[in-house]
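Notes to accompany the following structure.
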Amino acid sequence: MQVQKNYSFIPIGLMLFALFFGAGNLIFPASMGQVAGYNVWWAVLGFCVTGVGLPLLAVIAIGYSGKLALMQVASRVHPYYALFYTVISYMAIGPCFAVPRTGTVSYEIAIRPFLGANPPEYALAIFLLFFFLVTGWLSATPTKLVDRIGKFLTPALVLTLVIYIVKSFISPLGEPQEPSAAYATPVKAVIQGILDGYNTLDAIAALVFASLVIKAVQYTGINDKREVTLQVYKSGFVAGPLLAIIYIFIAKIGSESVGAIGLQETGAPILAETAKIFFGQAGAILLAVMVLLACLTTSIGLITCCATFMRELTGKLPYVAWVVIFTVISYLIGLFGLKTIIVSTIPVLMFIYPLCVAIVFLILTHKLFGGRRCVYAWTMAFTLVMATHNGLQTAQIALGGLDAILTQWLPLHRYGLGWIPFALCGFVIGLVHKSLVKAAPVD
């Protein structure tokens, strides 16, 4: 029995990997690899910071907090802030971005490559209609079928990718090209890689799904908070390297693919076209089917999660009604296409990720400042200011001369990381407030 406890982190780590891993995790390193060129390894280093390290830290932070829900942790800032941040997190990983992306990635990899050079304009709409009808139907009728398929699909997809990666070493596509301006130097490549890692949405999802990992640890009989955190940490050492390996080699294939298939708008056609080169039509079909089914199970899981959350939060509509609402929204957003979804997601991610990093930092340092709400509130308030600016700037909304002033005087702002000194400033003010005003810590 003790041996089982000692090694229970291995299956939990594999579960954590499965929670994070999806088709979206494939398209972004592939696309980054193309534009990073021969600086791809520096870009991957940055990508792994936010695409691997931050999600694992988020899961560990929730375990360390002793809470099982994101809203409970975010309430340490303020109950209204908790509601705001939790809702936008669920919407980001649900019907606004992640779920529509599953449908459009499926189309770009599993359908479009087989429709010829100029597929009909209505093809995407018809495919998404069937994709989200199946998603809504299976989400509305809870069944173990999806879980069973998911347990098969993740290892099968990983095995397919391993063969795909090995083939890329046996038959290299070519040499990396000149990097684009954003990746022109190693430092720029690392920083841009950090920002590229936002696209995975995994850090946001980690704060939402951490309760599943913690419950899995507790199910083994471990309830001590320090031991739970340790087991989650060990699980991260199983999931993290697996994610990093996939990111590294998919980015490598992307960097070598430009000469063979040209520069692509998104990562989906990179996977589809390189699979054709490596394995022919049959291999491309196999990869297409695997990605399609993986995306379908992911969309079902996310719709189910979001519908359950909103039903519990509002108590106004039945679960099935929320499933229908979110499925329809996902379909309508999916009609804009993968490229548009990716581009329009970036401003929101530039807003929400600083808030995510700041709350993780505060959770992990909770004991150092006695768990005082004023430290939480000041830090998040200052972070919110720059997060809002980053989102507006990325959305190309005119801010007058403010951006020029910040670029000149605020460290890291030119790299999109100006929120870090702002957050640290808020943290210091919170510590001063704490020392001047006595109050009870937050739970």
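Identifiers for the structure tokens are assigned positionally: chains receive A, B, ... in sequence, residues are indexed from 1 per chain, and ligands are indexed from 1 in the order shown.
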
> So which residues of segment 114-263 of chain A fall under helix (DSSP H, G or I) by DSSP, listed as a PyMOL selection string?
Replying inline: chain A and resi 114+123-140+144-170+181-183+186-200+202-219+225-256+258-261

>> Using only C-alpha atoms, which protein or nucleic acid residues come within 9 Å of segment 390-396 of chain A? Drop anything in the same chain fewer than 5 positions from it, and give the result as a PyMOL selection string.
In response: chain A and resi 344+346-352+385+403+416-419

Could you turn the residues from that selection into a file that holds C-alpha atoms, as a CSV table (one decimal), in the first residue's frame?
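Final file, again.csv:
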chain,number,residue,atom,x,y,z
A,344,SER,CA,-8.3,38.2,-31.5
A,346,ILE,CA,-3.9,37.7,-28.1
A,347,PRO,CA,-5.2,41.0,-26.5
A,348,VAL,CA,-7.3,39.1,-24.0
A,349,LEU,CA,-4.3,36.9,-23.2
A,350,MET,CA,-2.1,39.9,-22.7
A,351,PHE,CA,-4.7,41.1,-20.2
A,352,ILE,CA,-5.4,37.9,-18.3
A,385,VAL,CA,-3.6,48.6,-14.5
A,403,ASP,CA,2.9,54.1,-24.6
A,416,GLY,CA,5.3,43.4,-23.2
A,417,LEU,CA,6.3,42.7,-19.6
A,418,GLY,CA,6.0,46.1,-18.1
A,419,TRP,CA,3.4,44.7,-15.7

> Near segment 58-70 of chain A, within 7 Å and counting only C-alpha atoms, which residues show up once chain neighbours fewer than 3 positions away are dropped, as number ranges by chain?
Replying inline: A: 54-55, 73-74, 86, 203, 206-208, 210-211, 214, 225, 228-229, 232-233, 360, 363-364

> With only C-alpha atoms as the basis for distance, which of A:Gly116, A:Lys438, A:Gln231, A:His413 is at the shortest distance from Val213 of chain A?
Replying inline: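 Under the stated criterion, the closest residue is A:Gln231.
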
>> Env of Cys295 of chain A: 8 Å cut, atoms = only C-alpha atoms, seq-sep filter 3 positions within chain, self excluded. Answer as a list in words.
In response: Gly22, Ala23, Thr102, Gly103, Val105, Ser106, Val291, Leu292, Thr298 and Ser299 of chain A

Write to file, as a tab-separated table (two decimals), in the first residue's frame, the residues of the selection just made, with C-alpha atoms.
chain	number	residue	atom	x	y	z
A	22	GLY	CA	-4.48	19.26	-26.84
A	23	ALA	CA	-4.20	20.04	-30.52
A	102	THR	CA	-10.81	22.96	-31.19
A	103	GLY	CA	-13.31	23.06	-34.04
A	105	VAL	CA	-8.00	23.28	-35.65
A	106	SER	CA	-9.89	20.08	-36.49
A	291	VAL	CA	-6.27	15.28	-33.95
A	292	LEU	CA	-9.97	15.44	-34.85
A	298	THR	CA	-11.38	18.39	-25.47
A	299	SER	CA	-14.33	20.50	-26.63

>> Quick one: residues within 8 Å of Leu431 of chain A, only C-alpha atoms, excluding same-chain residues fewer than 2 positions away - as a list in words?
In response: Phe369, Cys374, Val375, Phe427, Val428, Ile429, His433, Lys434 and Ser435 of chain A

Please write the residues from the selection above to a file, keeping N, CA, C and O atoms, as a tab-separated table (two decimals), in the first residue's frame.
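What ended up in part37.tsv:
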chain	number	residue	atom	x	y	z
A	369	PHE	N	3.88	37.07	3.87
A	369	PHE	CA	3.27	38.35	4.26
A	369	PHE	C	2.05	38.14	5.15
A	369	PHE	O	1.19	39.01	5.28
A	374	CYS	N	-4.55	43.10	2.19
A	374	CYS	CA	-4.05	44.34	1.60
A	374	CYS	C	-2.92	44.07	0.62
A	374	CYS	O	-2.79	44.76	-0.40
A	375	VAL	N	-2.09	43.05	0.88
A	375	VAL	CA	-1.01	42.71	-0.04
A	375	VAL	C	-1.59	42.14	-1.33
A	375	VAL	O	-1.15	42.50	-2.43
A	427	PHE	N	3.12	45.13	-4.71
A	427	PHE	CA	3.45	44.19	-3.64
A	427	PHE	C	4.16	44.91	-2.49
A	427	PHE	O	3.84	44.70	-1.31
A	428	VAL	N	5.10	45.78	-2.83
A	428	VAL	CA	5.83	46.54	-1.81
A	428	VAL	C	4.89	47.48	-1.05
A	428	VAL	O	4.94	47.57	0.19
A	429	ILE	N	4.01	48.17	-1.77
A	429	ILE	CA	3.03	49.04	-1.11
A	429	ILE	C	2.14	48.23	-0.18
A	429	ILE	O	1.81	48.67	0.94
A	433	HIS	N	1.60	48.77	3.77
A	433	HIS	CA	0.24	48.85	4.33
A	433	HIS	C	0.08	47.83	5.46
A	433	HIS	O	-0.48	48.15	6.52
A	434	LYS	N	0.55	46.64	5.22
A	434	LYS	CA	0.46	45.57	6.23
A	434	LYS	C	1.15	45.95	7.53
A	434	LYS	O	0.66	45.66	8.63
A	435	SER	N	2.32	46.59	7.41
A	435	SER	CA	3.09	46.93	8.61
A	435	SER	C	2.46	48.09	9.38
A	435	SER	O	2.68	48.23	10.59

>> Calculated over only C-alpha atoms, which of the candidates A:Met32, A:Ile359, A:Val437, A:Ala387 has the smallest distance to Val77 of chain A?
In response: A:Ile359

Any idea what's packed within 9 Å of Tyr38 of chain A, counting only C-alpha atoms, ignoring anything in its chain fewer than 5 positions away? Could you give it as a short mmCIF file (atom, residue, chain, number, x, y, z; two decimals) with N, CA and C atoms, in the first residue's frame?
data_model
loop_
_atom_site.label_atom_id
_atom_site.label_comp_id
_atom_site.auth_asym_id
_atom_site.auth_seq_id
_atom_site.Cartn_x
_atom_site.Cartn_y
_atom_site.Cartn_z
N GLY A 33 8.07 27.93 -34.55
CA GLY A 33 9.30 27.40 -35.13
C GLY A 33 9.59 27.99 -36.50
N GLU A 175 16.77 23.21 -43.66
CA GLU A 175 17.47 24.00 -42.65
C GLU A 175 16.60 25.16 -42.18
N PRO A 176 16.73 25.56 -40.90
CA PRO A 176 15.99 26.73 -40.41
C PRO A 176 16.33 27.98 -41.21
N GLN A 177 15.32 28.85 -41.38
CA GLN A 177 15.48 30.06 -42.16
C GLN A 177 15.90 31.23 -41.26
N GLU A 178 16.05 32.39 -41.86
CA GLU A 178 16.33 33.62 -41.12
C GLU A 178 15.13 33.94 -40.21
N PRO A 179 15.38 34.28 -38.94
CA PRO A 179 14.25 34.58 -38.04
C PRO A 179 13.57 35.89 -38.41
N SER A 255 10.58 24.86 -37.69
CA SER A 255 11.71 25.68 -38.14
C SER A 255 12.34 25.14 -39.41
N GLU A 256 12.24 23.84 -39.63
CA GLU A 256 12.86 23.21 -40.80
C GLU A 256 11.91 23.11 -42.00
#

> Any idea what the distance is between atom CA of Pro441 of chain A and atom CA of Tyr90 of chain A?
Replying inline: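 So the two atoms, atom CA of Pro441 of chain A and atom CA of Tyr90 of chain A, lie 27.7 Å apart.
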
> What is the distance, in Å and to one decimal place, between atom CA of Ile277 of chain A and atom CA of Val289 of chain A?
Replying inline: 17.1 Å

> Which of these residues is nearest to Thr304 of chain A, using only C-alpha atoms: A:Thr141, A:Gln192, A:Gln408, A:Gln218?
Replying inline: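 Looking only at the distances to Thr304 of chain A, the closest residue turns out to be A:Thr141.
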
> When distances are computed from only C-alpha atoms, which of A:Ala181, A:Val52, A:Ile325, A:Val35 shows the smallest separation from Phe237 of chain A?
Replying inline: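 Checking each of A:Ala181, A:Val52, A:Ile325, A:Val35 against Phe237 of chain A, counting only C-alpha atoms, the winner is A:Val52.
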
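Residues in contact range of Val162 of chain A, defined as at most 12 Å between only C-alpha atoms, with sequence neighbours fewer than 6 positions away removed, read A:Pro155, A:Ala156, A:Ser168, A:Phe169, A:Leu242, A:Ile245, A:Ile246, A:Tyr247, A:Phe249, A:Ile250, A:Leu287.
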
>> Rounded to one decimal, what separation in Å do you get between atom CA of Gly267 of chain A and atom CA of Met290 of chain A?
In response: 16.2 Å

>> Given only C-alpha atoms as the basis, pick out the residue of A:Leu138, A:Leu355, A:Ile333, A:Leu124 nearest to Leu384 of chain A.
In response: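 Comparing A:Leu138, A:Leu355, A:Ile333, A:Leu124 against Leu384 of chain A, the winner is A:Leu355.
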